[in-house]
Amino acid sequence: VCLATNFTSYSPLVNIIHRTLMSSIDMEGIRELCAILPNLAFIFPNVTKPVGQSSRLSPIGEIGARRNRLDYLFHVLVKSLCSTVRLVFALDDMQWADLLSITVVATFFGTVDQTSIGSNLGITGGNGGILLLGSYRDNEVDNDGFLMNQMKYLSLSMQVTFVSIGELSKESTNKMLSSMLCLPTRLTSSLATIVHQKTCGNAMFIKEFL
């Protein structure tokens with residue numbers, strides 16, 4: 001949420017966020033969100049921390065309740081954003097994520113389906129949406145593991161598309177080298193053969209190799 005640099009150009013979105021959050025969350029919730037996302041203070045300039053409020057963490061017995069509240073606050077914030085604009089979340093190397101992280105992500109996006117984004121907030125006519133991009137190494141993920149199981153859970157409430165990206169062929173490697181070196185493919189063919197052998201066609205390895 002980066003609204004500090006050009007506040008006026010985002011005024012329609014800012015107004016929607018302000019109206020939605022004020023009607024869905026109490027003032028204490030607004031303060032909590034501003035504490036987590038300082039740029040929100042530009043939308044709520046009059047919201048200040050109460051005098052005498054401690055910044056210490058909640059006691060152990062309140063951690064669960066506090067987490068549920070923060071989950072709710074984040075839900076409302078994201079829904080107010082994606083009711084008007086298109087949000088993109090990118091999660092890389094998901095094969096290394098633990099069960100808790102994957103469960104939180106799947107649960108959150110599983111409840112933010114496209115049909116409820118605006119209707120649940122009383123917003124109509126918006127052109128917003130939400131897109132989650134996740135990448136993982138399929139050779140490090142089991143088909144019946146928790147990551148794939150959560151992907152199946154997500155598919156119940158939103159469209160899930162899997163795109164498999166394999167290694168580049170020798171011809172594709174040659175085209176890549178030709179483009180990077182600004183040379184015709186006939187001049188990069190012999191180099192492409194060596195690069196392809198060294199990198200096994202991995203696009204990232206090719207860039208690093210060069």
# chains A, B, ... in the order shown; residues from 1 in each chain; ligands from 1
>>> residues_around(residues="region 177-194 of chain A", least_positions_apart="5", cutoff="12 Å", atoms="only C-alpha atoms", output="JSON, numbers by chain")
{"A": [168, 169, 170, 171, 172, 199, 200, 201, 203, 206, 207, 209, 210]}
>>> residues_around(residues="region 147-149 of chain A", least_positions_apart="5", cutoff="8 Å", atoms="only C-alpha atoms", output="number ranges by chain")
A: 94-95, 99, 102, 141-142
>>> closest_residue(among="A:Ala41, A:Arg86, A:Gly29, A:Ala97", to="Leu70 (chain A)", atoms="only C-alpha atoms")
A:Gly29
>>> closest_residue(among="A:Ala65, A:Val163, A:Leu33, A:Val195", to="Arg137 (chain A)", atoms="only C-alpha atoms")
A:Val163
>>> residues_around(residues="Ile30 (chain A)", least_positions_apart="5", cutoff="12 Å", atoms="only C-alpha atoms", output="ChimeraX atom specification")
/A:17-25,35-38,40-41,43-49,69-70,72-74,76-77
>>> write_last_selection(atoms="N, CA and C atoms", output="mmCIF file, in the first residue's frame")
data_model
loop_
_atom_site.group_PDB
_atom_site.id
_atom_site.type_symbol
_atom_site.label_atom_id
_atom_site.label_comp_id
_atom_site.auth_asym_id
_atom_site.auth_seq_id
_atom_site.Cartn_x
_atom_site.Cartn_y
_atom_site.Cartn_z
ATOM 1 N N ILE A 17 -11.276 3.195 0.001
ATOM 2 C CA ILE A 17 -10.617 2.526 1.129
ATOM 3 C C ILE A 17 -11.044 3.165 2.445
ATOM 4 N N HIS A 18 -11.050 4.492 2.476
ATOM 5 C CA HIS A 18 -11.424 5.221 3.688
ATOM 6 C C HIS A 18 -12.855 4.892 4.085
ATOM 7 N N ARG A 19 -13.783 4.972 3.133
ATOM 8 C CA ARG A 19 -15.191 4.725 3.429
ATOM 9 C C ARG A 19 -15.424 3.284 3.874
ATOM 10 N N THR A 20 -14.776 2.338 3.165
ATOM 11 C CA THR A 20 -14.971 0.927 3.471
ATOM 12 C C THR A 20 -14.435 0.559 4.847
ATOM 13 N N LEU A 21 -13.228 1.006 5.133
ATOM 14 C CA LEU A 21 -12.626 0.670 6.423
ATOM 15 C C LEU A 21 -13.359 1.332 7.579
ATOM 16 N N MET A 22 -13.786 2.573 7.395
ATOM 17 C CA MET A 22 -14.500 3.267 8.462
ATOM 18 C C MET A 22 -15.840 2.617 8.764
ATOM 19 N N SER A 23 -16.467 2.009 7.741
ATOM 20 C CA SER A 23 -17.774 1.378 7.952
ATOM 21 C C SER A 23 -17.660 -0.070 8.405
ATOM 22 N N SER A 24 -16.453 -0.659 8.294
ATOM 23 C CA SER A 24 -16.300 -2.078 8.609
ATOM 24 C C SER A 24 -15.468 -2.341 9.855
ATOM 25 N N ILE A 25 -14.653 -1.362 10.259
ATOM 26 C CA ILE A 25 -13.726 -1.566 11.364
ATOM 27 C C ILE A 25 -13.857 -0.428 12.363
ATOM 28 N N ALA A 35 -0.615 0.933 12.306
ATOM 29 C CA ALA A 35 0.635 0.535 12.951
ATOM 30 C C ALA A 35 1.381 -0.486 12.103
ATOM 31 N N ILE A 36 0.625 -1.381 11.444
ATOM 32 C CA ILE A 36 1.232 -2.414 10.608
ATOM 33 C C ILE A 36 1.653 -1.838 9.263
ATOM 34 N N LEU A 37 0.799 -0.970 8.693
ATOM 35 C CA LEU A 37 1.056 -0.362 7.384
ATOM 36 C C LEU A 37 1.077 1.158 7.566
ATOM 37 N N PRO A 38 2.239 1.720 7.855
ATOM 38 C CA PRO A 38 2.333 3.156 8.166
ATOM 39 C C PRO A 38 1.768 4.077 7.089
ATOM 40 N N LEU A 40 -0.914 3.909 5.593
ATOM 41 C CA LEU A 40 -2.345 4.119 5.784
ATOM 42 C C LEU A 40 -2.609 5.392 6.577
ATOM 43 N N ALA A 41 -1.607 5.871 7.301
ATOM 44 C CA ALA A 41 -1.777 7.105 8.074
ATOM 45 C C ALA A 41 -2.073 8.291 7.163
ATOM 46 N N ILE A 43 -4.125 8.142 4.742
ATOM 47 C CA ILE A 43 -5.563 8.068 4.489
ATOM 48 C C ILE A 43 -6.343 8.458 5.736
ATOM 49 N N PHE A 44 -5.763 8.155 6.888
ATOM 50 C CA PHE A 44 -6.408 8.463 8.167
ATOM 51 C C PHE A 44 -5.493 9.375 8.992
ATOM 52 N N PRO A 45 -5.297 10.618 8.555
ATOM 53 C CA PRO A 45 -4.350 11.505 9.245
ATOM 54 C C PRO A 45 -4.766 11.862 10.661
ATOM 55 N N ASN A 46 -6.063 11.757 10.968
ATOM 56 C CA ASN A 46 -6.539 12.143 12.293
ATOM 57 C C ASN A 46 -6.556 10.985 13.280
ATOM 58 N N VAL A 47 -6.172 9.801 12.810
ATOM 59 C CA VAL A 47 -6.138 8.645 13.701
ATOM 60 C C VAL A 47 -4.786 8.597 14.379
ATOM 61 N N THR A 48 -4.783 8.760 15.669
ATOM 62 C CA THR A 48 -3.546 8.742 16.431
ATOM 63 C C THR A 48 -3.619 7.689 17.512
ATOM 64 N N LYS A 49 -2.472 7.323 18.002
ATOM 65 C CA LYS A 49 -2.382 6.340 19.069
ATOM 66 C C LYS A 49 -2.873 6.952 20.372
ATOM 67 N N ARG A 69 -7.991 -11.367 14.944
ATOM 68 C CA ARG A 69 -8.413 -10.002 14.666
ATOM 69 C C ARG A 69 -7.592 -9.399 13.541
ATOM 70 N N LEU A 70 -6.280 -9.622 13.555
ATOM 71 C CA LEU A 70 -5.438 -9.102 12.492
ATOM 72 C C LEU A 70 -5.786 -9.748 11.155
ATOM 73 N N TYR A 72 -8.739 -10.717 10.273
ATOM 74 C CA TYR A 72 -9.974 -10.060 9.840
ATOM 75 C C TYR A 72 -9.684 -8.676 9.274
ATOM 76 N N LEU A 73 -8.841 -7.921 9.967
ATOM 77 C CA LEU A 73 -8.505 -6.575 9.509
ATOM 78 C C LEU A 73 -7.841 -6.616 8.138
ATOM 79 N N PHE A 74 -6.949 -7.582 7.947
ATOM 80 C CA PHE A 74 -6.265 -7.711 6.663
ATOM 81 C C PHE A 74 -7.256 -8.099 5.573
ATOM 82 N N VAL A 76 -10.448 -7.313 5.386
ATOM 83 C CA VAL A 76 -11.232 -6.132 5.019
ATOM 84 C C VAL A 76 -10.402 -5.171 4.188
ATOM 85 N N LEU A 77 -9.141 -4.978 4.554
ATOM 86 C CA LEU A 77 -8.268 -4.077 3.808
ATOM 87 C C LEU A 77 -8.084 -4.545 2.374
#
>>> atom_distance(atom1="CA of Asp98 (chain A)", atom2="CA of Gly145 (chain A)")
11.2 Å
>>> residues_around(residues="region 151-153 of chain A", least_positions_apart="4", cutoff="8 Å", atoms="only C-alpha atoms", output="PyMOL selection string")
chain A and resi 106+110+147+157+160
>>> atom_distance(atom1="CA of Ala90 (chain A)", atom2="CA of Ile16 (chain A)")
24.3 Å
